[in-house]
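This report concerns only the one structure given below.
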Amino acid sequence: MNKSIHIIGAGLAGLSCAINLLKTKYRKITIYEASSLFGGRCRSYKEKGFNCQLDNGNHLVIKAYKNTFKYLKKINAHNELISNRKTFYPFVDVKKSETWKVKPYSFILPWWIFLRSCRPPNISTLHFIKSFKLFLAKKNQTVSDLLKKDGDIYERFWKPFTIAVLNTHPSEASAKLLCKVIIKILFFSYNPLQPFVVKKSLNDSFIMPAIKKILDQGGNIKSNARLKKIIFKNNFAEQMIFNKNIINIDKDELIVLAVTPNIASKILPNLKSPAKTNCIINIHFKLNQKYKEIKLPDGSFFIGVIGGIVDWIFKKRNILSITISAANNLNNLDNEKISKIVWEDVKKIFNLNTIKKPKYKIIREKMATFVQSPEEILRKPKMHTKYKNVFLAGDWIDTGLPATIEGAITSGYNVANYINKS
Ligand SMILES: Cc1cc2nc3c(=O)[nH]c(=O)nc-3n(C[C@H](O)[C@H](O)[C@H](O)COP(=O)(O)OP(=O)(O)OC[C@H]3O[C@@H](n4cnc5c(N)ncnc54)[C@H](O)[C@@H]3O)c2cc1C
């Protein structure tokens, strides 16, 4: 008899859960996705005016994302990511017109902090050692509670690092969570911070290969299938009500809710989950011949920006993609205004002087991640719910990881592994 597993949400958590469940013969796996597109917050779509696929945001992956690389291998997409030839993070300070590279090579320990050529300028090894007070963080402390905000190490290392990892400003970000990430990275054997991005698109790397594998192995995926409600009886889910149909659930069938926390809280009464969210704004500029002079250092595919409005700039063929993280304060500006401010930064960085702003597309992800503050991370639930046949997956589940690709994929695997063992 085929035991049905119903996965709600075709984001990375739902897909990774399905991929890890596939091997077992006696299961019938169905994924239900509310949208017409798969991938959730890690998706691509065809943008008419650009005549190509655009990603909803630049997603940076690091080598320490163990489960992410396992997932990519399972879906035969491990060659769909690219990396710089060497491990380095180029930076530019817009205000001071300074450029440098951080080279966080490491083998068991982060020995790069002892080498001047690997650190940001004006920052000594001692500055890094003094920052280790972060490891004494209490549960309720933010990164800014522990680090002085006026030094170069804050502006040039801790602030961009915290925002990149937690999509939360250091004044709100949980110091404890950041330390957990650092410890995971420290004990990763070789080169944990080596950066990777997708070769073509998020869809080509993370999503379509997974969908193909699920379908090839007998799974089923439905788009435009929005779960509206679950009917419970005696701590079991017994009926799922979708926008178009109703599905009855036997006691031995399982539901994995791999949706965002706001939706999960509507479906599961009394679920405690993170509620505050942070926006990420992405602006794609379509470049033509005039912009040939836009070159990133040493053939890198990205550059970090300090002292401007922009956080990261990525270049992929003729598209310059700008990321502004933790961007709630910008989100009330209209597109024209945002593009103007951003183009001013771009002009300064690449000395474009009089060149006019090219065609652009802005993607606002208002709920890109939850705010990873001491208060909000305490609201992260475990994967088990009080309903015996309902599990939770997503980047907001308590896996010990921040809300990232690795967090989402790990949570999906955790649920699948539990089901596989039970
Ligand atoms: C712009 C941006 C940039 C990012 N950059 C990075 C980065 O550089 N590195 C990194 O590691 N992470 C990054 N992230 C975070 C990463 O994308 C997310 O952590 C991850 O994609 C979350 O996956 P998920 O499966 O948990 O959730 P989601 O992707 O949100 O998946 C949930 C799915 O459930 C569906 N759904 C919702 N309600 C229902 C319903 N009622 N019925 C059926 N389906 C439903 C949704 O449509 C969605 O497809 C970024 C995120 C954004 C938005």
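In the structure tokens, chains take the letters A, B, ... in the order shown, each chain's residues start at 1, and ligands count up from 1 in the order shown.
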
Output the neighbourhood of ligand 1 as an MDAnalysis selection string, that is, all protein and nucleic acid residues with some atom at most 6 Å from the ligand, counting only C-alpha atoms and all ligand atoms. chainID A and resid 8:14 32:35 38:42 56:61 225:228 258:260 263 280 365 368 394:395 403:406 408

Prev. selection, C-alpha atoms, output as a PDB file, in the first residue's frame:
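Below is the file again_22.pdb, written as the result:
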```pdb
ATOM      1  CA  ILE A   8       2.753  21.918   1.257  1.00  0.00           C
ATOM      2  CA  GLY A   9       5.064  24.468  -0.408  1.00  0.00           C
ATOM      3  CA  ALA A  10       7.604  23.993  -3.221  1.00  0.00           C
ATOM      4  CA  GLY A  11      10.324  26.192  -1.728  1.00  0.00           C
ATOM      5  CA  LEU A  12      13.721  24.712  -0.878  1.00  0.00           C
ATOM      6  CA  ALA A  13      12.473  23.195   2.403  1.00  0.00           C
ATOM      7  CA  GLY A  14       9.588  21.360   0.694  1.00  0.00           C
ATOM      8  CA  TYR A  32       1.209  21.360  -3.416  1.00  0.00           C
ATOM      9  CA  GLU A  33       2.396  24.874  -4.318  1.00  0.00           C
ATOM     10  CA  ALA A  34       0.149  27.939  -4.048  1.00  0.00           C
ATOM     11  CA  SER A  35       1.946  29.881  -6.772  1.00  0.00           C
ATOM     12  CA  PHE A  38       8.179  26.820  -7.940  1.00  0.00           C
ATOM     13  CA  GLY A  39      11.053  27.818  -5.632  1.00  0.00           C
ATOM     14  CA  GLY A  40       9.354  30.223  -3.206  1.00  0.00           C
ATOM     15  CA  ARG A  41      11.882  32.808  -2.070  1.00  0.00           C
ATOM     16  CA  CYS A  42      14.557  31.208  -4.261  1.00  0.00           C
ATOM     17  CA  ASN A  56      14.224  37.170  -7.312  1.00  0.00           C
ATOM     18  CA  GLY A  57      17.503  37.948  -5.559  1.00  0.00           C
ATOM     19  CA  ASN A  58      21.219  37.241  -5.646  1.00  0.00           C
ATOM     20  CA  HIS A  59      21.749  34.153  -3.569  1.00  0.00           C
ATOM     21  CA  LEU A  60      25.262  33.608  -2.277  1.00  0.00           C
ATOM     22  CA  VAL A  61      26.168  30.112  -1.133  1.00  0.00           C
ATOM     23  CA  ALA A 225      -2.783  24.631  -5.208  1.00  0.00           C
ATOM     24  CA  ARG A 226      -3.194  26.818  -2.137  1.00  0.00           C
ATOM     25  CA  LEU A 227      -3.880  25.103   1.172  1.00  0.00           C
ATOM     26  CA  LYS A 228      -6.442  27.202   3.019  1.00  0.00           C
ATOM     27  CA  ALA A 258       6.836  23.800   4.312  1.00  0.00           C
ATOM     28  CA  VAL A 259       5.296  27.262   4.029  1.00  0.00           C
ATOM     29  CA  THR A 260       6.291  30.638   5.461  1.00  0.00           C
ATOM     30  CA  ILE A 263       0.885  31.071   6.588  1.00  0.00           C
ATOM     31  CA  ILE A 280      15.527  42.490   0.679  1.00  0.00           C
ATOM     32  CA  GLU A 365      10.915  40.678  -1.187  1.00  0.00           C
ATOM     33  CA  ALA A 368      12.696  37.865   2.652  1.00  0.00           C
ATOM     34  CA  GLY A 394      11.242  25.967   6.478  1.00  0.00           C
ATOM     35  CA  ASP A 395      14.103  28.359   7.142  1.00  0.00           C
ATOM     36  CA  ALA A 403      17.192  31.698   7.759  1.00  0.00           C
ATOM     37  CA  THR A 404      19.204  30.831   4.672  1.00  0.00           C
ATOM     38  CA  ILE A 405      19.252  28.301   1.852  1.00  0.00           C
ATOM     39  CA  GLU A 406      21.180  25.974   4.173  1.00  0.00           C
ATOM     40  CA  ALA A 408      15.705  25.704   4.628  1.00  0.00           C
TER      41      ALA A 408
END
```

Quick one: which range 153-205 of chain A residues come within 8 Å of range 85-100 of chain A, and what is the nearest atom pair for each with the distance in Å to one decimal, counting only C-alpha atoms, rows ordered by chain and ascending number, as a tab-separated table?
```
residue	atom	partner	partner_atom	distance
A:Asn191	CA	A:Thr87	CA	7.7
A:Leu193	CA	A:Thr87	CA	7.4
A:Gln194	CA	A:Thr87	CA	5.1
A:Pro195	CA	A:Thr87	CA	7.0
```

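Considering the residues A:Lys380, A:Arg119, A:Pro170, A:Ala210 and counting only C-alpha atoms, Thr142 in chain A has its shortest atom-to-atom contact with A:Pro170.
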
Which residue gives the smallest distance to Ser83 in chain A among A:Lys244, A:Lys337, A:Arg116, A:Lys199, with only C-alpha atoms counted? A:Lys199

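Nearest residue to Asn76 in chain A among A:Pro160, A:Gly304, A:Pro209, A:Pro104 is A:Pro209, counting only C-alpha atoms.
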